[in-house]
file work02.pdb (PDB, C-alpha atoms, pLDDT in the B column)
ATOM      1  CA  MET A   1     104.434  81.523 113.787  1.00 62.00           C
ATOM      2  CA  SER A   2     102.847  80.850 117.187  1.00 68.00           C
ATOM      3  CA  SER A   3     106.100  79.257 118.352  1.00 85.00           C
ATOM      4  CA  ASP A   4     108.248  82.168 117.167  1.00 92.00           C
ATOM      5  CA  LEU A   5     108.397  83.973 120.489  1.00 96.00           C
ATOM      6  CA  LEU A   6     110.364  86.992 121.625  1.00 97.00           C
ATOM      7  CA  HIS A   7     112.335  86.101 124.754  1.00 97.00           C
ATOM      8  CA  ILE A   8     113.421  88.956 127.029  1.00 97.00           C
ATOM      9  CA  GLY A   9     115.003  87.836 130.259  1.00 94.00           C
ATOM     10  CA  HIS A  10     112.750  85.117 131.666  1.00 92.00           C
ATOM     11  CA  ARG A  11     109.671  86.444 129.837  1.00 95.00           C
ATOM     12  CA  SER A  12     108.277  85.410 126.457  1.00 96.00           C
ATOM     13  CA  PHE A  13     106.025  87.371 124.115  1.00 97.00           C
ATOM     14  CA  SER A  14     104.235  86.588 120.877  1.00 96.00           C
ATOM     15  CA  SER A  15     104.291  90.199 119.648  1.00 97.00           C
ATOM     16  CA  ARG A  16     107.546  91.783 118.502  1.00 98.00           C
ATOM     17  CA  LEU A  17     106.112  95.296 118.390  1.00 98.00           C
ATOM     18  CA  LEU A  18     106.544  97.359 121.553  1.00 97.00           C
ATOM     19  CA  VAL A  19     104.726 100.667 121.780  1.00 96.00           C
ATOM     20  CA  GLY A  20     104.775 103.797 123.891  1.00 94.00           C
ATOM     21  CA  THR A  21     101.905 105.736 125.427  1.00 92.00           C
ATOM     22  CA  GLY A  22     102.843 109.367 124.829  1.00 88.00           C
ATOM     23  CA  LYS A  23     101.367 112.020 122.513  1.00 90.00           C
ATOM     24  CA  TYR A  24      97.894 110.528 122.129  1.00 90.00           C
ATOM     25  CA  ARG A  25      94.774 112.670 122.512  1.00 90.00           C
ATOM     26  CA  ASP A  26      93.613 110.714 125.536  1.00 92.00           C
ATOM     27  CA  PHE A  27      93.882 107.336 127.234  1.00 91.00           C
ATOM     28  CA  GLN A  28      91.026 105.949 125.155  1.00 94.00           C
ATOM     29  CA  GLU A  29      92.974 106.544 121.946  1.00 95.00           C
ATOM     30  CA  THR A  30      96.073 105.139 123.612  1.00 95.00           C
ATOM     31  CA  ARG A  31      94.288 101.875 124.373  1.00 95.00           C
ATOM     32  CA  ALA A  32      92.731 101.654 120.909  1.00 96.00           C
ATOM     33  CA  ALA A  33      96.110 102.141 119.199  1.00 96.00           C
ATOM     34  CA  ILE A  34      97.811  99.564 121.398  1.00 96.00           C
ATOM     35  CA  GLU A  35      95.052  97.072 120.648  1.00 96.00           C
ATOM     36  CA  ALA A  36      95.417  97.679 116.905  1.00 97.00           C
ATOM     37  CA  ALA A  37      99.185  97.263 117.168  1.00 97.00           C
ATOM     38  CA  GLY A  38      98.787  93.911 118.889  1.00 97.00           C
ATOM     39  CA  ALA A  39     101.427  94.972 121.410  1.00 97.00           C
ATOM     40  CA  GLU A  40     101.985  93.095 124.647  1.00 97.00           C
ATOM     41  CA  ILE A  41     104.757  95.299 126.051  1.00 97.00           C
ATOM     42  CA  VAL A  42     103.781  98.911 126.651  1.00 96.00           C
ATOM     43  CA  THR A  43     106.413 101.396 127.722  1.00 95.00           C
ATOM     44  CA  VAL A  44     105.451 104.295 129.962  1.00 94.00           C
ATOM     45  CA  ALA A  45     107.420 107.384 130.965  1.00 90.00           C
ATOM     46  CA  LEU A  46     107.080 107.231 134.715  1.00 84.00           C
ATOM     47  CA  ARG A  47     107.947 110.916 135.113  1.00 80.00           C
ATOM     48  CA  ARG A  48     105.235 112.000 132.677  1.00 79.00           C
ATOM     49  CA  VAL A  49     102.290 109.584 133.025  1.00 80.00           C
ATOM     50  CA  ASN A  50     100.208 108.788 136.068  1.00 74.00           C
ATOM     51  CA  LEU A  51     100.394 105.132 137.052  1.00 77.00           C
ATOM     52  CA  GLY A  52      98.996 105.683 140.506  1.00 69.00           C
ATOM     53  CA  GLN A  53     101.520 108.114 141.911  1.00 71.00           C
ATOM     54  CA  HIS A  54      98.872 110.883 141.692  1.00 74.00           C
ATOM     55  CA  ALA A  55      95.598 109.756 143.212  1.00 71.00           C
ATOM     56  CA  ASP A  56      93.714 112.810 141.945  1.00 74.00           C
ATOM     57  CA  GLN A  57      94.529 112.165 138.260  1.00 81.00           C
ATOM     58  CA  GLU A  58      93.321 109.662 135.680  1.00 85.00           C
ATOM     59  CA  ASN A  59      95.346 106.462 135.897  1.00 83.00           C
ATOM     60  CA  LEU A  60      96.657 104.886 132.672  1.00 86.00           C
ATOM     61  CA  LEU A  61      96.479 101.447 134.294  1.00 87.00           C
ATOM     62  CA  ASP A  62      92.682 101.711 134.253  1.00 86.00           C
ATOM     63  CA  TYR A  63      92.983 101.437 130.466  1.00 91.00           C
ATOM     64  CA  LEU A  64      95.944  99.052 130.304  1.00 91.00           C
ATOM     65  CA  PRO A  65      95.281  96.276 132.828  1.00 89.00           C
ATOM     66  CA  GLN A  66      98.390  94.435 133.924  1.00 89.00           C
ATOM     67  CA  ASP A  67      96.795  91.042 133.473  1.00 90.00           C
ATOM     68  CA  ARG A  68      96.840  91.743 129.749  1.00 93.00           C
ATOM     69  CA  PHE A  69      99.800  94.062 129.149  1.00 96.00           C
ATOM     70  CA  THR A  70     103.375  94.077 130.411  1.00 96.00           C
ATOM     71  CA  ILE A  71     104.090  97.578 131.654  1.00 96.00           C
ATOM     72  CA  LEU A  72     107.635  98.692 130.863  1.00 97.00           C
ATOM     73  CA  PRO A  73     108.503 101.797 132.905  1.00 96.00           C
ATOM     74  CA  ASN A  74     111.062 103.977 131.175  1.00 96.00           C
ATOM     75  CA  THR A  75     113.354 106.732 132.344  1.00 96.00           C
ATOM     76  CA  ALA A  76     112.434 109.287 129.675  1.00 93.00           C
ATOM     77  CA  GLY A  77     113.355 112.793 130.770  1.00 92.00           C
ATOM     78  CA  CYS A  78     116.339 111.658 132.821  1.00 96.00           C
ATOM     79  CA  HIS A  79     119.699 113.289 132.102  1.00 97.00           C
ATOM     80  CA  THR A  80     121.902 111.667 134.723  1.00 97.00           C
ATOM     81  CA  ALA A  81     122.494 108.153 135.978  1.00 98.00           C
ATOM     82  CA  GLU A  82     121.223 109.191 139.404  1.00 98.00           C
ATOM     83  CA  GLU A  83     117.901 110.411 137.979  1.00 97.00           C
ATOM     84  CA  ALA A  84     117.442 107.217 135.983  1.00 97.00           C
ATOM     85  CA  VAL A  85     118.206 104.950 138.923  1.00 98.00           C
ATOM     86  CA  ARG A  86     115.859 106.921 141.169  1.00 97.00           C
ATOM     87  CA  THR A  87     113.062 106.611 138.605  1.00 96.00           C
ATOM     88  CA  CYS A  88     113.507 102.845 138.318  1.00 97.00           C
ATOM     89  CA  ARG A  89     113.489 102.471 142.083  1.00 96.00           C
ATOM     90  CA  LEU A  90     110.222 104.402 142.146  1.00 94.00           C
ATOM     91  CA  ALA A  91     108.815 102.013 139.536  1.00 93.00           C
ATOM     92  CA  ARG A  92     109.695  99.057 141.728  1.00 95.00           C
ATOM     93  CA  GLU A  93     108.056 100.647 144.746  1.00 93.00           C
ATOM     94  CA  LEU A  94     104.993 101.755 142.803  1.00 90.00           C
ATOM     95  CA  GLY A  95     104.156  98.621 140.850  1.00 90.00           C
ATOM     96  CA  ASP A  96     106.814  96.047 141.657  1.00 93.00           C
ATOM     97  CA  TRP A  97     108.145  96.594 138.142  1.00 95.00           C
ATOM     98  CA  THR A  98     111.694  95.348 137.667  1.00 96.00           C
ATOM     99  CA  LEU A  99     111.747  95.093 133.863  1.00 97.00           C
ATOM    100  CA  VAL A 100     112.654  98.640 132.848  1.00 98.00           C
ATOM    101  CA  LYS A 101     113.673 100.610 129.797  1.00 98.00           C
ATOM    102  CA  LEU A 102     116.763 102.667 130.550  1.00 98.00           C
ATOM    103  CA  GLU A 103     117.466 105.855 128.655  1.00 97.00           C
ATOM    104  CA  VAL A 104     119.657 108.733 129.778  1.00 97.00           C
ATOM    105  CA  ILE A 105     119.509 111.664 127.393  1.00 96.00           C
ATOM    106  CA  GLY A 106     122.686 113.590 126.682  1.00 95.00           C
ATOM    107  CA  ASP A 107     121.640 116.140 124.069  1.00 91.00           C
ATOM    108  CA  PRO A 108     118.320 118.028 124.212  1.00 89.00           C
ATOM    109  CA  GLN A 109     118.140 118.628 120.448  1.00 90.00           C
ATOM    110  CA  THR A 110     118.945 115.184 119.053  1.00 89.00           C
ATOM    111  CA  LEU A 111     117.884 113.272 122.180  1.00 90.00           C
ATOM    112  CA  PHE A 112     120.898 111.024 121.678  1.00 95.00           C
ATOM    113  CA  PRO A 113     121.772 109.069 124.811  1.00 96.00           C
ATOM    114  CA  ASP A 114     124.598 110.022 127.128  1.00 97.00           C
ATOM    115  CA  MET A 115     126.457 106.739 126.898  1.00 97.00           C
ATOM    116  CA  ARG A 116     128.699 107.288 129.922  1.00 97.00           C
ATOM    117  CA  GLU A 117     125.725 108.035 132.176  1.00 98.00           C
ATOM    118  CA  THR A 118     123.751 105.174 130.639  1.00 98.00           C
ATOM    119  CA  PHE A 119     126.513 102.692 131.449  1.00 98.00           C
ATOM    120  CA  ARG A 120     126.707 104.018 135.006  1.00 98.00           C
ATOM    121  CA  ALA A 121     122.961 103.629 135.491  1.00 98.00           C
ATOM    122  CA  ALA A 122     122.908 100.166 133.904  1.00 98.00           C
ATOM    123  CA  GLU A 123     125.632  98.883 136.239  1.00 98.00           C
ATOM    124  CA  THR A 124     123.744 100.090 139.312  1.00 98.00           C
ATOM    125  CA  LEU A 125     120.346  98.809 138.191  1.00 98.00           C
ATOM    126  CA  ILE A 126     121.620  95.361 137.213  1.00 98.00           C
ATOM    127  CA  ALA A 127     123.388  95.072 140.564  1.00 98.00           C
ATOM    128  CA  GLU A 128     120.066  95.877 142.258  1.00 98.00           C
ATOM    129  CA  GLY A 129     118.219  93.120 140.399  1.00 97.00           C
ATOM    130  CA  PHE A 130     116.546  95.093 137.622  1.00 98.00           C
ATOM    131  CA  GLU A 131     116.154  93.612 134.147  1.00 98.00           C
ATOM    132  CA  VAL A 132     117.419  96.410 131.951  1.00 98.00           C
ATOM    133  CA  MET A 133     116.406  97.057 128.366  1.00 98.00           C
ATOM    134  CA  VAL A 134     118.774  99.801 127.317  1.00 98.00           C
ATOM    135  CA  TYR A 135     118.423 102.585 124.738  1.00 97.00           C
ATOM    136  CA  SER A 136     121.730 103.052 122.949  1.00 97.00           C
ATOM    137  CA  THR A 137     123.410 104.624 119.978  1.00 96.00           C
ATOM    138  CA  ASP A 138     123.951 102.279 117.036  1.00 96.00           C
ATOM    139  CA  ASP A 139     127.567 101.696 118.055  1.00 97.00           C
ATOM    140  CA  PRO A 140     128.377  97.972 117.784  1.00 97.00           C
ATOM    141  CA  VAL A 141     131.053  98.180 120.499  1.00 97.00           C
ATOM    142  CA  ALA A 142     128.736  99.851 122.995  1.00 97.00           C
ATOM    143  CA  CYS A 143     125.860  97.484 122.218  1.00 98.00           C
ATOM    144  CA  LYS A 144     128.080  94.468 122.837  1.00 98.00           C
ATOM    145  CA  GLN A 145     129.321  95.985 126.098  1.00 98.00           C
ATOM    146  CA  PHE A 146     125.756  96.515 127.306  1.00 98.00           C
ATOM    147  CA  ALA A 147     124.978  92.863 126.611  1.00 98.00           C
ATOM    148  CA  ASP A 148     128.169  91.730 128.340  1.00 98.00           C
ATOM    149  CA  LEU A 149     127.231  93.908 131.313  1.00 98.00           C
ATOM    150  CA  GLY A 150     123.992  91.967 131.769  1.00 98.00           C
ATOM    151  CA  CYS A 151     121.286  93.981 130.013  1.00 98.00           C
ATOM    152  CA  VAL A 152     118.451  91.691 128.923  1.00 98.00           C
ATOM    153  CA  ALA A 153     117.932  93.595 125.649  1.00 98.00           C
ATOM    154  CA  VAL A 154     119.794  96.284 123.745  1.00 98.00           C
ATOM    155  CA  MET A 155     117.850  98.884 121.759  1.00 98.00           C
ATOM    156  CA  PRO A 156     119.955 100.865 119.298  1.00 97.00           C
ATOM    157  CA  LEU A 157     118.336 103.893 117.704  1.00 95.00           C
ATOM    158  CA  ALA A 158     117.434 103.898 114.021  1.00 93.00           C
ATOM    159  CA  ALA A 159     117.393 107.704 113.923  1.00 92.00           C
ATOM    160  CA  PRO A 160     116.750 110.489 116.472  1.00 90.00           C
ATOM    161  CA  ILE A 161     113.697 109.995 118.690  1.00 90.00           C
ATOM    162  CA  GLY A 162     110.525 111.228 117.016  1.00 89.00           C
ATOM    163  CA  SER A 163     112.268 112.093 113.738  1.00 91.00           C
ATOM    164  CA  GLY A 164     110.582 109.484 111.556  1.00 91.00           C
ATOM    165  CA  LEU A 165     113.701 109.308 109.385  1.00 91.00           C
ATOM    166  CA  GLY A 166     113.820 105.519 109.305  1.00 92.00           C
ATOM    167  CA  ILE A 167     116.928 103.365 109.591  1.00 92.00           C
ATOM    168  CA  ARG A 168     119.914 105.574 108.788  1.00 93.00           C
ATOM    169  CA  ASN A 169     122.682 103.035 109.302  1.00 92.00           C
ATOM    170  CA  PRO A 170     121.677  99.466 108.428  1.00 92.00           C
ATOM    171  CA  TYR A 171     125.339  98.457 108.232  1.00 95.00           C
ATOM    172  CA  ASN A 172     125.964  99.131 111.923  1.00 95.00           C
ATOM    173  CA  LEU A 173     122.766  97.274 112.742  1.00 96.00           C
ATOM    174  CA  ARG A 174     123.998  94.265 110.804  1.00 95.00           C
ATOM    175  CA  ILE A 175     127.222  94.220 112.831  1.00 97.00           C
ATOM    176  CA  ILE A 176     125.274  94.613 116.084  1.00 97.00           C
ATOM    177  CA  LEU A 177     123.048  91.706 115.105  1.00 97.00           C
ATOM    178  CA  GLU A 178     126.004  89.492 114.159  1.00 96.00           C
ATOM    179  CA  GLN A 179     127.510  90.014 117.613  1.00 96.00           C
ATOM    180  CA  ALA A 180     124.250  89.812 119.541  1.00 96.00           C
ATOM    181  CA  THR A 181     123.883  87.582 122.592  1.00 97.00           C
ATOM    182  CA  VAL A 182     120.639  89.231 123.773  1.00 98.00           C
ATOM    183  CA  PRO A 183     117.607  90.491 121.833  1.00 98.00           C
ATOM    184  CA  ILE A 184     118.234  93.558 119.674  1.00 98.00           C
ATOM    185  CA  LEU A 185     115.265  95.877 119.203  1.00 98.00           C
ATOM    186  CA  VAL A 186     115.295  99.025 117.094  1.00 97.00           C
ATOM    187  CA  ASP A 187     114.210 101.924 119.267  1.00 94.00           C
ATOM    188  CA  ALA A 188     113.430 105.414 117.936  1.00 90.00           C
ATOM    189  CA  GLY A 189     113.367 106.989 114.515  1.00 90.00           C
ATOM    190  CA  VAL A 190     111.043 104.770 112.486  1.00 93.00           C
ATOM    191  CA  GLY A 191     108.303 106.628 110.657  1.00 95.00           C
ATOM    192  CA  THR A 192     106.155 104.144 108.798  1.00 96.00           C
ATOM    193  CA  ALA A 193     105.498 100.453 108.251  1.00 96.00           C
ATOM    194  CA  SER A 194     108.241 100.029 105.649  1.00 96.00           C
ATOM    195  CA  ASP A 195     110.843 101.192 108.201  1.00 96.00           C
ATOM    196  CA  VAL A 196     109.600  98.560 110.614  1.00 97.00           C
ATOM    197  CA  ALA A 197     109.690  95.879 107.928  1.00 97.00           C
ATOM    198  CA  VAL A 198     113.294  96.767 107.036  1.00 97.00           C
ATOM    199  CA  ALA A 199     114.357  96.478 110.679  1.00 97.00           C
ATOM    200  CA  MET A 200     112.782  93.059 110.964  1.00 97.00           C
ATOM    201  CA  GLU A 201     114.184  91.889 107.606  1.00 97.00           C
ATOM    202  CA  LEU A 202     117.664  92.774 108.881  1.00 96.00           C
ATOM    203  CA  GLY A 203     117.082  90.320 111.727  1.00 97.00           C
ATOM    204  CA  CYS A 204     116.128  92.620 114.597  1.00 97.00           C
ATOM    205  CA  ASP A 205     114.168  90.842 117.317  1.00 98.00           C
ATOM    206  CA  GLY A 206     111.625  93.611 117.607  1.00 98.00           C
ATOM    207  CA  VAL A 207     110.827  97.306 117.254  1.00 98.00           C
ATOM    208  CA  LEU A 208     109.846  99.857 119.872  1.00 97.00           C
ATOM    209  CA  LEU A 209     108.057 102.994 118.687  1.00 95.00           C
ATOM    210  CA  ASN A 210     105.651 105.702 119.758  1.00 94.00           C
ATOM    211  CA  THR A 211     105.517 108.877 117.655  1.00 94.00           C
ATOM    212  CA  ALA A 212     105.188 106.984 114.378  1.00 96.00           C
ATOM    213  CA  ILE A 213     101.762 105.833 115.557  1.00 96.00           C
ATOM    214  CA  ALA A 214     100.656 108.689 117.807  1.00 95.00           C
ATOM    215  CA  GLY A 215     101.749 111.320 115.264  1.00 95.00           C
ATOM    216  CA  ALA A 216      99.947 109.749 112.300  1.00 96.00           C
ATOM    217  CA  ARG A 217      96.782 111.296 110.875  1.00 96.00           C
ATOM    218  CA  ASN A 218      94.984 108.072 111.786  1.00 97.00           C
ATOM    219  CA  PRO A 219      96.862 106.509 114.722  1.00 97.00           C
ATOM    220  CA  ILE A 220      94.666 103.414 114.869  1.00 97.00           C
ATOM    221  CA  LEU A 221      95.156 102.579 111.202  1.00 98.00           C
ATOM    222  CA  MET A 222      98.886 103.258 111.460  1.00 97.00           C
ATOM    223  CA  ALA A 223      99.125 100.977 114.494  1.00 98.00           C
ATOM    224  CA  GLU A 224      97.617  98.176 112.433  1.00 98.00           C
ATOM    225  CA  ALA A 225     100.050  98.926 109.593  1.00 98.00           C
ATOM    226  CA  MET A 226     102.977  98.737 112.008  1.00 97.00           C
ATOM    227  CA  ARG A 227     101.786  95.365 113.284  1.00 98.00           C
ATOM    228  CA  LEU A 228     101.583  94.019 109.757  1.00 98.00           C
ATOM    229  CA  GLY A 229     104.988  95.505 108.921  1.00 97.00           C
ATOM    230  CA  VAL A 230     106.594  93.686 111.843  1.00 97.00           C
ATOM    231  CA  GLU A 231     104.913  90.428 110.881  1.00 97.00           C
ATOM    232  CA  ALA A 232     105.873  90.713 107.196  1.00 97.00           C
ATOM    233  CA  GLY A 233     109.462  91.669 107.966  1.00 97.00           C
ATOM    234  CA  ARG A 234     109.877  88.830 110.434  1.00 97.00           C
ATOM    235  CA  ARG A 235     108.499  86.291 107.981  1.00 97.00           C
ATOM    236  CA  ALA A 236     110.774  87.580 105.232  1.00 97.00           C
ATOM    237  CA  PHE A 237     113.794  87.276 107.540  1.00 97.00           C
ATOM    238  CA  LEU A 238     112.920  83.734 108.518  1.00 97.00           C
ATOM    239  CA  ALA A 239     112.207  82.777 104.904  1.00 96.00           C
ATOM    240  CA  GLY A 240     115.593  84.066 103.723  1.00 96.00           C
ATOM    241  CA  ARG A 241     115.615  86.461 100.804  1.00 91.00           C
ATOM    242  CA  MET A 242     116.924  85.546  97.355  1.00 91.00           C
ATOM    243  CA  PRO A 243     120.554  86.499  96.598  1.00 91.00           C
ATOM    244  CA  ARG A 244     121.136  89.930  95.063  1.00 89.00           C
ATOM    245  CA  LYS A 245     122.467  89.806  91.509  1.00 89.00           C
ATOM    246  CA  LEU A 246     123.801  92.503  89.221  1.00 90.00           C
ATOM    247  CA  TYR A 247     122.260  91.097  86.036  1.00 90.00           C
ATOM    248  CA  ALA A 248     118.910  89.655  85.134  1.00 85.00           C
ATOM    249  CA  ASN A 249     118.105  86.026  85.750  1.00 79.00           C
ATOM    250  CA  ALA A 250     115.048  84.768  83.883  1.00 75.00           C
ATOM    251  CA  SER A 251     112.299  83.248  85.977  1.00 75.00           C
ATOM    252  CA  SER A 252     111.842  80.612  83.290  1.00 69.00           C
ATOM    253  CA  PRO A 253     114.998  78.719  82.265  1.00 65.00           C
ATOM    254  CA  SER A 254     116.036  78.710  78.614  1.00 65.00           C
ATOM    255  CA  GLU A 255     117.061  75.043  78.735  1.00 69.00           C
ATOM    256  CA  GLY A 256     114.632  72.228  77.958  1.00 66.00           C
ATOM    257  CA  LEU A 257     112.234  74.303  75.885  1.00 66.00           C
ATOM    258  CA  PHE A 258     109.367  72.401  74.171  1.00 63.00           C
ATOM    259  CA  PHE A 259     109.776  74.361  70.918  1.00 67.00           C
TER     260      PHE A 259
END
call {"tool": "encode", "arguments": {"input": "work02.pdb", "output": "structure tokens"}}
result
Amino acid sequence: MSSDLLHIGHRSFSSRLLVGTGKYRDFQETRAAIEAAGAEIVTVALRRVNLGQHADQENLLDYLPQDRFTILPNTAGCHTAEEAVRTCRLARELGDWTLVKLEVIGDPQTLFPDMRETFRAAETLIAEGFEVMVYSTDDPVACKQFADLGCVAVMPLAAPIGSGLGIRNPYNLRIILEQATVPILVDAGVGTASDVAVAMELGCDGVLLNTAIAGARNPILMAEAMRLGVEAGRRAFLAGRMPRKLYANASSPSEGLFF
């Protein structure tokens, strides 16, 4: 499996599990969970976490060195294209980060994305040289349009952010995957390792999550479970599952019996 890499833009990664940094007790627990998850890409809400913009506060980068982790600034908390673009520009100025996760929230209760504002922000950011990984609804048409626009990865939701409901619409995901020309990563809504395994068995290129680990009773143990779920699901997808059948099919054939 060492050659089965995740390619995003011009970058390659051995881990297909991307994790967030919110909702942990402290930065020490954040680092321990990320280590247990085996994640290489770590997404950070630039408007909520100190990455050096506040010299008088503890800096997350002291716990997540950039020679080991790829920092993925995200636009969490942004509700307009202008806010999202401004946040990404700040990320570029602050850490020379150009690989960004774009999300523009349209509804405060469901945290579903505002697709019109997301498209507006994506167009601007791509034109300015950013590599955009975009949070989207699970609409196959919209996901294809994001890829055609130039996003380096499209990340349809499995369920509302932080809900832990798991994959609600595997059929849309299958269509999205059939049409995919860039990596497709499930983003938001998974609750446990079986949800992650299902996403990978469907053929998703990866999973991005946060609350499912940070909100567990034992975040470190859950992070390990998520890593194993991604690995098992990916192997099952590559192996190719047996065909589904309505009736039984004996493991041992009835022909050629010895007696």
call {"tool": "axis_aligned_box", "arguments": {"input": "work02.pdb", "around": "segment 24-36 of chain A", "padding_each_side": "3 Å", "output": "AutoDock Vina command-line options"}}
result
--center_x 94.5 --center_y 104.9 --center_z 122.1 --size_x 12.9 --size_y 21.6 --size_z 16.3
call {"tool": "residues_around", "arguments": {"input": "work02.pdb", "residues": "Gly9 of chain A", "least_positions_apart": "2", "cutoff": "9 Å", "atoms": "all atoms listed in the file", "output": "VMD selection string"}}
result
chain A and resid 7 11 to 12 99 131 151 to 153 182
call {"tool": "atom_distance", "arguments": {"input": "work02.pdb", "atom1": "atom CA of Ser14 of chain A", "atom2": "atom CA of Phe69 of chain A"}}
result
12.0 Å
call {"tool": "residues_near_point", "arguments": {"input": "work02.pdb", "point": "(112.1, 95.8, 123.1)", "cutoff": "10 Å", "atoms": "all atoms listed in the file", "output": "PyMOL selection string"}}
result
chain A and resi 6-8+16-19+41-43+72+101+133-135+152-155+183-187+204-209
call {"tool": "resolve_selection", "arguments": {"input": "work02.pdb", "expression": "the PyMOL selection byres ((chain A and resi 164-175) around 9)", "output": "CSV table (one decimal) with C-alpha atoms, in the frame of the given file"}}
result
chain,number,residue,atom,x,y,z
A,138,ASP,CA,124.0,102.3,117.0
A,139,ASP,CA,127.6,101.7,118.1
A,140,PRO,CA,128.4,98.0,117.8
A,156,PRO,CA,120.0,100.9,119.3
A,157,LEU,CA,118.3,103.9,117.7
A,158,ALA,CA,117.4,103.9,114.0
A,159,ALA,CA,117.4,107.7,113.9
A,160,PRO,CA,116.8,110.5,116.5
A,161,ILE,CA,113.7,110.0,118.7
A,162,GLY,CA,110.5,111.2,117.0
A,163,SER,CA,112.3,112.1,113.7
A,176,ILE,CA,125.3,94.6,116.1
A,177,LEU,CA,123.0,91.7,115.1
A,178,GLU,CA,126.0,89.5,114.2
A,179,GLN,CA,127.5,90.0,117.6
A,180,ALA,CA,124.2,89.8,119.5
A,186,VAL,CA,115.3,99.0,117.1
A,188,ALA,CA,113.4,105.4,117.9
A,189,GLY,CA,113.4,107.0,114.5
A,190,VAL,CA,111.0,104.8,112.5
A,191,GLY,CA,108.3,106.6,110.7
A,192,THR,CA,106.2,104.1,108.8
A,194,SER,CA,108.2,100.0,105.6
A,195,ASP,CA,110.8,101.2,108.2
A,196,VAL,CA,109.6,98.6,110.6
A,198,VAL,CA,113.3,96.8,107.0
A,199,ALA,CA,114.4,96.5,110.7
A,202,LEU,CA,117.7,92.8,108.9
A,203,GLY,CA,117.1,90.3,111.7
A,204,CYS,CA,116.1,92.6,114.6
A,211,THR,CA,105.5,108.9,117.7
A,212,ALA,CA,105.2,107.0,114.4
call {"tool": "decode", "arguments": {"input": "work02.pdb", "residues": "segment 67-83 of chain A", "atoms": "N, CA and C atoms", "output": "CSV table (one decimal), in the first residue's frame"}}
result
chain,number,residue,atom,x,y,z
A,67,ASP,N,7.4,20.9,9.1
A,67,ASP,CA,8.2,19.9,8.4
A,67,ASP,C,7.7,18.5,8.5
A,68,ARG,N,6.6,18.4,9.3
A,68,ARG,CA,6.0,17.1,9.5
A,68,ARG,C,4.6,17.0,9.0
A,69,PHE,N,3.8,18.1,9.2
A,69,PHE,CA,2.4,18.2,8.8
A,69,PHE,C,2.2,19.3,7.8
A,70,THR,N,1.2,19.0,6.9
A,70,THR,CA,0.8,20.0,5.9
A,70,THR,C,-0.4,20.7,6.5
A,71,ILE,N,-0.2,22.0,6.8
A,71,ILE,CA,-1.2,22.8,7.4
A,71,ILE,C,-2.2,23.3,6.3
A,72,LEU,N,-3.5,23.0,6.5
A,72,LEU,CA,-4.5,23.4,5.5
A,72,LEU,C,-5.4,24.4,6.2
A,73,PRO,N,-5.1,25.7,5.9
A,73,PRO,CA,-6.0,26.7,6.5
A,73,PRO,C,-7.4,26.6,5.9
A,74,ASN,N,-8.4,26.8,6.8
A,74,ASN,CA,-9.8,26.8,6.2
A,74,ASN,C,-10.5,28.0,6.6
A,75,THR,N,-11.6,28.2,5.9
A,75,THR,CA,-12.4,29.5,6.1
A,75,THR,C,-13.6,29.3,6.9
A,76,ALA,N,-13.5,28.4,7.9
A,76,ALA,CA,-14.6,28.2,8.8
A,76,ALA,C,-15.0,29.5,9.5
A,77,GLY,N,-16.3,29.7,9.6
A,77,GLY,CA,-16.9,31.0,10.2
A,77,GLY,C,-17.1,32.0,9.1
A,78,CYS,N,-16.8,31.8,7.9
A,78,CYS,CA,-17.1,32.8,6.8
A,78,CYS,C,-18.5,32.6,6.2
A,79,HIS,N,-19.1,33.7,6.0
A,79,HIS,CA,-20.5,33.6,5.5
A,79,HIS,C,-20.7,34.3,4.1
A,80,THR,N,-19.6,34.9,3.6
A,80,THR,CA,-19.6,35.5,2.3
A,80,THR,C,-18.4,35.2,1.6
A,81,ALA,N,-18.4,35.3,0.3
A,81,ALA,CA,-17.2,35.1,-0.6
A,81,ALA,C,-16.1,36.0,-0.2
A,82,GLU,N,-16.5,37.3,0.1
A,82,GLU,CA,-15.5,38.3,0.5
A,82,GLU,C,-14.7,37.9,1.7
A,83,GLU,N,-15.5,37.4,2.7
A,83,GLU,CA,-14.8,37.0,4.0
A,83,GLU,C,-13.9,35.8,3.7
